[in-house]
Amino acid sequence: MNGDTKTEPSVQVSFNLNGEIRAVRSDPRSRLSQVLREEFHLVGTKVGCDAGDCGACTVLVNGQPVCSCLTAVGQLGGAKIETIEGLRKTSPTFDRLQKSFLRHGAAQCGICTPGMLISSVSLLEENPSPGETQVLDALGGVLCRCTGYRKIVRAVLEANHPSPEPAADFATGPVGQRVARLDGQRKVLGQDIFGADEWPEDSLQLRAVRSPHHRAEFTFGDLEAYRQAHPGVDGIFTARDVPGKNCFGVIAQFSDQPVFAEREARFLGEAVAAVVGDPAVLAALDLGQFPVTWKPLAAFTQPEEALKPGASAVHRSRPGNILVGGRVVRGDVDDALRTADVSVEAEYETGFIEHAYIEPEAGFARRVGDRIEVQACTQAPYNDLKGIAAILGIPESSVRIIPTAVGGGFGSKLDLSLQPFLAVAAWHLRKPVRMVYSRPESIRSTTKRHPSKIFCRAGATADGKLVAMDFIADFNTGAYASWGPTVAARVPIHASGPYKMPHFRAVTRAIHTYMLPAGAFRGFGVPQGTIAQEQLYDSLAQKIGMDKLEFRCLNALDDRSPTVTGQIIGGGVGIRACFLALRPRWQEAHQEAAAFNAAGPNSLRRGVGVAGMWYGCGNTSLPNPSTMRIGLKRDGRIALHQGAVDIGQGSATVVTQICAEALGAPLETFDLLSGDTDITPDCGKTSASRQTFVSGKAAFLAGEKLKKNILQLAGGCDCAKIQFLDGSLIVEDAGKKKSLDLRHLPLDERGYVVSAEATFDPATSPLNGDGQGVPYAVYGFGAHLAELEVDTELGTIKVLKITAAHDVGRAINPTLVEGQIEGGAAQGLGMALMEEFFPGKGENLHDYLIPTIGDMPPVESILIEDPSPAGPFGAKGVGEQALIPTAPAILNALYDAVGVRIRKLPATPDKVRAAILAKAAGGSGNSDA
Amino acid sequence: MYFRPNSLRDALNILADTRATILAGGTDVFPSLGDRPLSGPVLDISGLSEIRGIQSTAENVVFGARTTWSEVLRAPLPRGFDGLKAAAREVGSVQIQNAATIAGNLCNASPAADGVAALLALDAELVLSSRSASRTIRLSEFILGNRKTARRPDELLTSIRIPRRVEDAISVFLKLGARRYLVISIVMVAANLVVDSAGKIREALISVGSCSPAALRLAELERALAGQTARPGLRRVVNPHHLARLSPIDDVRATAEYRRDAARTLVERALEACAQKGFAA
C-alpha cells in the first residue's frame, strides 16, 4: 500500500441518532437496521425482507427516507438518523399522522406501520397538503398485507386536515361503534412487541440447515468435530436430539411432520439440523460447509405424477399419496346435468400462494426449571402448547406459550414453524435461544395456499334456475398434512356457492407431493373453489343470455332452502341482500364502461364483474370451543383474559366490545390480558373466521355471567345497572343507588373480587358419507363487484373500483369490518392478477409480487346486517369472507371487458395478452363460446 | 476491512490494493447477500464528493457516478432528460431512489436495470478511473451481458457523460411491470428523438431493456426513423425485423413471446408519445 494515502480502514462511526450523538460498536459493514435493533435496541424499526422490497425498515437519514436494511452503518458517520422512537417524541407531523392512522384504522397488524408513518412524515414535511397521487408515490415502497392500503391513504391525506370526528353514539353501548383498536396506540407508536422484538440478553442464536433439494437422502458427517472446529457453536441438533416425538401437526390424527427430517428430506427447505451458538458467530457461519451429504432422489412435484401407478409413497402409511378426500353428494347430478336445458363445463387451475405477511417468523425459547417457555408470533397458542409438549415429551402443564403481537398471519402462523427448533435447543442447552427467519427461509419453509386443479360442470333451466353442479378438485398438499384434511373437507361443502342447488356432487382430494406443505391460507381452499364456481356460473348466465347479477339474485340461497349438505340455516342468510345492494352500482358501472368503450381508444377496454360467496364460521363439524375469563379487580377495573390472538384483524377490540356491552361496562374499564397460556384460557385458533363469532360469544356469555355474579354480591336484581368507579361500584336498582367498596373485599381463587368464565362451542353435527349434516352453526355471506380496465395490447389490468357487500350479521366495529374487507380484497386482487409461488425460485418479495399501494383501487364497503341467531348480537365472522369473491369478480370483469377467460391463475399480462390474441385469431381465447 | 476515503485518489489506491467490494447506495450489494452479512474488504465511496452532482461542459452533461436517482429527479435538466427522469421515478421506490446511484445501476448490469435503457438512449459514455489511468467507454460497450461489465477490478466508474447534441431531444421512457411500484420490468423502452425545427428527425435513439442479456439499441429502427417527421402516426415506421435482435427469455415475470410482443407495442407507443410531445412543443 502506498504510504502517503489514507487507506487504513476507518471503523470509528458515530452519528446523530434521534437527537443524540451515538458511537457505533458494530462492524461498519453491518446493516443499519440490524444495528438499530441489536445494538441500540430500537426495535420500532422492523425488518421484513433485508432486500429493500418491503420498506418496513424505513428510517430517515438526513431527512430522507431510506431502507435501513440496505445501508451500512459505516456510511453514516456524521449523519442524522431518525427512527420512530425519535419521531414520536419530537415530530408534530408524526404526531398528527399517528393519530390519523389510529382514527382511520390504518394500522392492522402494525408491522408495516413504522415504515408507512416515516415515509408519510417525509412526504408531509415537504408537502403538507398532498394529493392522492403524491401519497401513492411516497408510500409505494412500503408493502402492507393487511389493510388493502386505502385507509392508509386516507389517514395520510387527512393527517393535516382531519375531518370532524363523528360523535360516538353514547345512547347505545360499545357494540356497533367505530372504536379505535384497543391495541392500536402501541402499534402506531411502534411500541408493539412482535416476534423478533424481545429476547433475553444472553440468548444464543439458532440457524437451521435445510434441504436444497425437493427430495434427498442425507447423511451427516462428524457433527461433534464440526462443533469443535467452530468456537462459539454451542450445540448442533438433529432428529436424534428430539426428546419426545419427532413429529407434529395441526390435526392430531394426521400429524406427520418431523421437527428435523430423518434420513430423507421431503421438500426443498425442510430442516434437517439446527446450529446454535453465539449470535455473532452464527451470523457469520457459512452453512454451506455444514457436514451433510445429500443424495437427490427422483421427486414429483405435481399431483398427477403422485397418482401414477408405481409412484413412490411420500409417506409409507399413505400409499397412493392421497392424504384424504372430501365428498358432498345430493340428488342425482348426472341425470340432472344430462337433462338440463343449458350446461357448461371448464377446468381451472391455481398455484402455490405465499401469505407474505411482512413479519417473518421469530421468537425465543427458554427453559425454566423443568418447564419450557416459548415466546413467538403465533395464531394458535394452545395448539403450539400441545405440539411442543409432545415434541419434548413433557406434560402440557410444563409448557408455556407466550404469543407476541403477530405481524400478519393469514393462516400460516397456525402451524408450528421455528418453535420446535427453539424448544429443543433451549431444553438441552438450558440457555435462551432465539431465531428470526430470513425472508427466503420464511417463504421456502412455511405453508402455502394449496395449488388446485378443478374440473366442474353446471347446468340450469332455460329461465336461469340452477339445477346441478359436478365439482372435482385435486389439491397439491405437499409433503406433510398440515391443514390439507381441512381444505379437502371444507371445499366440497362450499363448492356450490351461496345458491340453491338441488343436484350436487363435489369430490376433493388432498394429494402428497415432494413440495413444501400447503396449509391454511384465508379461506382454506374455498377461494380456489370459488374462482372456478363463480366463473362457471358466469359462463352459464352468459349462455342463457341472462344478466349475471340477476342470475345470482334468482338462485341465491335463503333461510328456508337447504344447503348442499341439507342444512336449513333458518336465519341470517343475507346473500340475496348482498346482491341486491350491488344492483345500483352494477347498472351504473355497466353504463359507464359502455360509454368509455364507445368513446375510448381501441387499446383500452373496461368491464364489470360480480361474484358471490359464503363461508361457514369455525371448524367443520368438529368441536370448536372458546373459553373467556373475566374478573373484577379491587380497583374497580375489569380484567379480561382474552386468548383470541389478534393478528391484526382486531379480535381483541371486537371481543372486548362484545363483553363490555354484555356486562354493561364502558370499554375504558377493561384491562386486557394476552393469550399467554399460563394466565389465559384456550380461545382456540385465530382461523376460520371464528373469533368474532365463537370467542365473541364466549365473551358475551362471560360478561353476562360476571354481571350476574356482581349483582349477586351487591344484592341487586338482574335488571340493575352497575357503575364501575375507582375502587368501588354503584348498583342502581329501581332508582335506588347502592355503593360497594371493593378495596377490602376478599379475592376468589382466580384472584378477583368476583370472576366468571364461560365457554362457547357452536352446535354442529357430523356429516354422513354423502356429506350431509350441519357442518357450521353460522355462515357469512358476501358479493363483490369489480370494475377494471384492460390494456388489450399489453394485457395489463387496472382494477378501478371494488364494491363489496358483506352480510356480517352485526358489525360490532364497522371500521374494523371495513378493514377486513379492504385487506381481503387486496389479497384477492393479488391472487387474481399477480401471485404465484414457484418453490425453488423467487423466494423473495421482488419475484413474488403482492399488490402495492398503487395497485389497490377504492373499495366501497356495504355492510348488510342480517343477524345470525347463534352469533353474539347476531355477529358473524368476516376475516376470510372478504378475500373469497374478489378474484372471481375480477376475472368475470375481465371477460366482460375483452371476452376472454383466464382459468389458470394468475391473470398476468402475458396470459391475458395471449388469450386476447388467440381470440382475435379466431381461436377460443378461452372464451365462453 | 472498511474503507471510507474522502478523495478519489485515496479510493483508487485502496481499490488497486485491495480489490474491495465497492459500496455506494447499497441497494444492490445488500440484497445480493441474502441473509449473510457483508464480508471482506469494503470500499465505501459515499464520502467522495468529487464524483457527485450534475454539471454541463461544452460538449457534455456530466453526471457524477454517485448521483442518486432522487438527485436526477430534482435537478433542472433539459427536456432530453425527460426519459431519464421517468426512469428515475421507476427505480424501486422513493427509499431506493434516495440511496441508489446511477453508477450502481450501470455496474450492477441487471438486464432489467431501469437506468441502463434510459442512458443507452442518451448515448451515454462512461469514465472509468484507476490509480494508473482513466478511460472512457460507451455504455453499449460497457455492459457485456447479464451482470457482466467491462469494468476492471481496479477501476471505479466515476462519471457518466451525455453528449449535449441529445439534450433537447424529445424523450420518453416507458416501463411495463406486473404491478405499480417496486417492480422489476418485464419490458422497458427509452426513445429519444433529436429533431430539427420542422420536426424532422435528425437522430433517433431507441433502446429496449429486459429483452436481452443487456439492454439494446435498435439500430435498424433508428436508421429507419432518421429523416422522418415526428408527428402522430410515427409508430407505423416500426416493423418486426427492427426488433429481431432482441432475445427475451421466459421467467417468472413473463414469457419470451410476450416480451417480444410487448416490446414492439411499447416501442410504438414511445414513438407516438414522442410525436405527441413534439407536436405540443
# chains A, B, ... in the order shown; residues from 1 in each chain; ligands from 1
$ residues_around --residues "region 176-184 of chain B" --least-positions-apart "3" --cutoff "6 Å" --atoms "only C-alpha atoms" --output "PyMOL selection string"
(chain A and resi 140+854-855) or (chain B and resi 92-93+187-188)
$ write_last_selection --atoms "N, CA and C atoms" --output "compact mmCIF listing (two decimals), in the first residue's frame"
# COMPACT_ATOMS: atom_id res chain seq x y z
N GLY A 140 -45.28 4.08 -2.05
CA GLY A 140 -45.17 2.93 -2.96
C GLY A 140 -44.11 1.92 -2.55
N GLY A 854 -50.16 1.26 -5.04
CA GLY A 854 -50.62 1.77 -6.33
C GLY A 854 -51.52 0.81 -7.08
N ASP A 855 -51.68 -0.38 -6.56
CA ASP A 855 -52.48 -1.38 -7.26
C ASP A 855 -53.89 -1.50 -6.73
N GLY B 92 -37.19 1.17 -8.23
CA GLY B 92 -37.65 0.70 -6.92
C GLY B 92 -38.73 1.58 -6.33
N SER B 93 -38.34 2.35 -5.32
CA SER B 93 -39.28 3.17 -4.57
C SER B 93 -38.54 4.43 -4.16
N VAL B 187 -40.64 -5.38 -19.54
CA VAL B 187 -40.04 -4.72 -20.71
C VAL B 187 -39.94 -3.24 -20.40
N MET B 188 -38.89 -2.58 -20.90
CA MET B 188 -38.90 -1.12 -20.85
C MET B 188 -38.32 -0.58 -22.13
$ select_by_dssp --residues "region 134-297 of chain A" --states "strand (DSSP E or B)" --output "MDAnalysis selection string"
chainID A and resid 194 204:210 216:220 233:237 248 257 264:265 271:277 292:296
$ residues_around --residues "Asp474 (chain A)" --least-positions-apart "5" --cutoff "7 Å" --atoms "only C-alpha atoms" --output "JSON, numbers by chain"
{"A": [452, 453, 454, 508, 509, 510]}
$ closest_residue --among "B:Val252, B:Ala117, B:Leu234, B:Leu243" --to "chain A" --atoms "only C-alpha atoms"
B:Val252
$ select_by_dssp --residues "region 139-281 of chain B" --states "alpha helix (DSSP H)" --output "ChimeraX atom specification"
/B:139-142,219-225,256-280
$ write_last_selection --atoms "C-alpha atoms" --output "tab-separated table (two decimals), in the first residue's frame"
chain	number	residue	atom	x	y	z
B	139	LEU	CA	-22.29	2.40	-22.27
B	140	SER	CA	-23.20	-0.01	-25.04
B	141	GLU	CA	-19.69	-1.44	-24.84
B	142	PHE	CA	-19.51	-1.33	-21.06
B	219	ALA	CA	-30.08	0.42	-34.74
B	220	GLU	CA	-32.24	-0.64	-37.69
B	221	LEU	CA	-35.22	1.21	-36.34
B	222	GLU	CA	-33.10	4.26	-35.56
B	223	ARG	CA	-31.95	4.35	-39.17
B	224	ALA	CA	-35.48	3.95	-40.41
B	225	LEU	CA	-36.63	6.85	-38.25
B	256	ALA	CA	-40.34	-14.61	-24.08
B	257	GLU	CA	-43.04	-14.45	-26.69
B	258	TYR	CA	-44.96	-11.91	-24.66
B	259	ARG	CA	-41.88	-9.78	-24.10
B	260	ARG	CA	-41.22	-9.59	-27.82
B	261	ASP	CA	-44.81	-8.61	-28.49
B	262	ALA	CA	-44.92	-6.07	-25.65
B	263	ALA	CA	-41.57	-4.60	-26.67
B	264	ARG	CA	-42.98	-3.78	-30.07
B	265	THR	CA	-46.09	-2.23	-28.55
B	266	LEU	CA	-44.03	-0.13	-26.16
B	267	VAL	CA	-41.63	0.99	-28.88
B	268	GLU	CA	-44.59	2.08	-30.98
B	269	ARG	CA	-46.17	3.84	-28.02
B	270	ALA	CA	-42.92	5.54	-27.09
B	271	LEU	CA	-42.58	6.89	-30.63
B	272	GLU	CA	-46.16	8.01	-30.64
B	273	ALA	CA	-45.67	9.71	-27.28
B	274	CYS	CA	-42.58	11.46	-28.67
B	275	ALA	CA	-44.57	12.60	-31.68
B	276	GLN	CA	-47.30	13.94	-29.40
B	277	LYS	CA	-44.77	15.80	-27.28
B	278	GLY	CA	-43.05	17.19	-30.35
B	279	PHE	CA	-46.40	18.32	-31.66
B	280	ALA	CA	-47.27	20.01	-28.41
$ closest_atom_pairs --of "chain A" --to "chain B" --cutoff "8 Å" --atoms "only C-alpha atoms" --output "JSON lines"
{"residue": "A:Met1", "atom": "CA", "partner": "B:Asp17", "partner_atom": "CA", "distance": 6.2}
{"residue": "A:Asn2", "atom": "CA", "partner": "B:Asn13", "partner_atom": "CA", "distance": 7.5}
{"residue": "A:Thr5", "atom": "CA", "partner": "B:Asp10", "partner_atom": "CA", "distance": 5.7}
{"residue": "A:Lys6", "atom": "CA", "partner": "B:Asp10", "partner_atom": "CA", "distance": 6.3}
{"residue": "A:Thr7", "atom": "CA", "partner": "B:Ile14", "partner_atom": "CA", "distance": 5.9}
{"residue": "A:Glu8", "atom": "CA", "partner": "B:Phe3", "partner_atom": "CA", "distance": 6.9}
{"residue": "A:Pro9", "atom": "CA", "partner": "B:Phe3", "partner_atom": "CA", "distance": 4.7}
{"residue": "A:Ser10", "atom": "CA", "partner": "B:Phe3", "partner_atom": "CA", "distance": 5.8}
{"residue": "A:Val11", "atom": "CA", "partner": "B:Tyr2", "partner_atom": "CA", "distance": 6.7}
{"residue": "A:Pro28", "atom": "CA", "partner": "B:Tyr2", "partner_atom": "CA", "distance": 6.7}
{"residue": "A:Arg29", "atom": "CA", "partner": "B:Leu38", "partner_atom": "CA", "distance": 5.9}
{"residue": "A:Ser30", "atom": "CA", "partner": "B:Leu38", "partner_atom": "CA", "distance": 6.9}
{"residue": "A:Asp50", "atom": "CA", "partner": "B:Pro31", "partner_atom": "CA", "distance": 6.6}
{"residue": "A:Ala51", "atom": "CA", "partner": "B:Pro31", "partner_atom": "CA", "distance": 4.4}
{"residue": "A:Gly52", "atom": "CA", "partner": "B:Thr27", "partner_atom": "CA", "distance": 7.0}
{"residue": "A:Asp53", "atom": "CA", "partner": "B:Leu182", "partner_atom": "CA", "distance": 6.9}
{"residue": "A:Gly55", "atom": "CA", "partner": "B:Gln95", "partner_atom": "CA", "distance": 7.5}
{"residue": "A:Thr58", "atom": "CA", "partner": "B:Gln95", "partner_atom": "CA", "distance": 7.4}
{"residue": "A:Gln64", "atom": "CA", "partner": "B:Asn98", "partner_atom": "CA", "distance": 6.9}
{"residue": "A:Pro65", "atom": "CA", "partner": "B:Gln95", "partner_atom": "CA", "distance": 5.4}
{"residue": "A:Val66", "atom": "CA", "partner": "B:Gln95", "partner_atom": "CA", "distance": 4.1}
{"residue": "A:Cys67", "atom": "CA", "partner": "B:Gln95", "partner_atom": "CA", "distance": 5.8}
{"residue": "A:Cys69", "atom": "CA", "partner": "B:Phe30", "partner_atom": "CA", "distance": 7.6}
{"residue": "A:Leu70", "atom": "CA", "partner": "B:Gly26", "partner_atom": "CA", "distance": 5.3}
{"residue": "A:Thr71", "atom": "CA", "partner": "B:Gly26", "partner_atom": "CA", "distance": 5.9}
{"residue": "A:Ala72", "atom": "CA", "partner": "B:Gly26", "partner_atom": "CA", "distance": 7.4}
{"residue": "A:Gly74", "atom": "CA", "partner": "B:Tyr2", "partner_atom": "CA", "distance": 7.6}
{"residue": "A:Gln75", "atom": "CA", "partner": "B:Ser46", "partner_atom": "CA", "distance": 6.3}
{"residue": "A:Asp137", "atom": "CA", "partner": "B:Val94", "partner_atom": "CA", "distance": 7.5}
{"residue": "A:Ala138", "atom": "CA", "partner": "B:Val94", "partner_atom": "CA", "distance": 6.4}
{"residue": "A:Leu139", "atom": "CA", "partner": "B:Val94", "partner_atom": "CA", "distance": 7.9}
{"residue": "A:Gly140", "atom": "CA", "partner": "B:Tyr181", "partner_atom": "CA", "distance": 5.5}
{"residue": "A:Gly141", "atom": "CA", "partner": "B:Ser93", "partner_atom": "CA", "distance": 4.6}
{"residue": "A:Ala283", "atom": "CA", "partner": "B:Arg36", "partner_atom": "CA", "distance": 7.0}
{"residue": "A:Ala284", "atom": "CA", "partner": "B:Pro37", "partner_atom": "CA", "distance": 6.5}
{"residue": "A:Ser438", "atom": "CA", "partner": "B:Asp35", "partner_atom": "CA", "distance": 6.2}
{"residue": "A:Pro440", "atom": "CA", "partner": "B:Gly34", "partner_atom": "CA", "distance": 7.8}
{"residue": "A:Glu793", "atom": "CA", "partner": "B:Thr265", "partner_atom": "CA", "distance": 6.8}
{"residue": "A:Leu794", "atom": "CA", "partner": "B:Ala262", "partner_atom": "CA", "distance": 5.8}
{"residue": "A:Thr796", "atom": "CA", "partner": "B:Ala178", "partner_atom": "CA", "distance": 7.5}
{"residue": "A:Met834", "atom": "CA", "partner": "B:Ala178", "partner_atom": "CA", "distance": 6.7}
{"residue": "A:Gly842", "atom": "CA", "partner": "B:Val252", "partner_atom": "CA", "distance": 7.9}
{"residue": "A:His846", "atom": "CA", "partner": "B:Val183", "partner_atom": "CA", "distance": 6.7}
{"residue": "A:Asp847", "atom": "CA", "partner": "B:Val252", "partner_atom": "CA", "distance": 7.2}
{"residue": "A:Leu849", "atom": "CA", "partner": "B:Arg179", "partner_atom": "CA", "distance": 7.7}
{"residue": "A:Pro851", "atom": "CA", "partner": "B:Arg179", "partner_atom": "CA", "distance": 6.7}
{"residue": "A:Thr852", "atom": "CA", "partner": "B:Tyr181", "partner_atom": "CA", "distance": 6.2}
{"residue": "A:Ile853", "atom": "CA", "partner": "B:Tyr181", "partner_atom": "CA", "distance": 7.8}
{"residue": "A:Gly854", "atom": "CA", "partner": "B:Arg180", "partner_atom": "CA", "distance": 5.3}
{"residue": "A:Asp855", "atom": "CA", "partner": "B:Arg180", "partner_atom": "CA", "distance": 5.8}
{"residue": "A:Thr908", "atom": "CA", "partner": "B:Ala178", "partner_atom": "CA", "distance": 6.9}
{"residue": "A:Pro909", "atom": "CA", "partner": "B:Ala178", "partner_atom": "CA", "distance": 6.9}
{"residue": "A:Asp910", "atom": "CA", "partner": "B:Tyr258", "partner_atom": "CA", "distance": 5.4}
{"residue": "A:Arg913", "atom": "CA", "partner": "B:Tyr258", "partner_atom": "CA", "distance": 7.6}
{"residue": "A:Ala914", "atom": "CA", "partner": "B:Tyr258", "partner_atom": "CA", "distance": 7.6}
$ residues_around --residues "region 345-350 of chain A" --least-positions-apart "2" --cutoff "10 Å" --atoms "only C-alpha atoms" --output "PyMOL selection string"
chain A and resi 343+352-353+449-459+469-475+528-529+531-533+535-537+539-540+831-832+835-836+902-906+926+928
$ atom_distance --atom1 "CA of Asp538 (chain A)" --atom2 "CA of Gln820 (chain A)"
26.0 Å
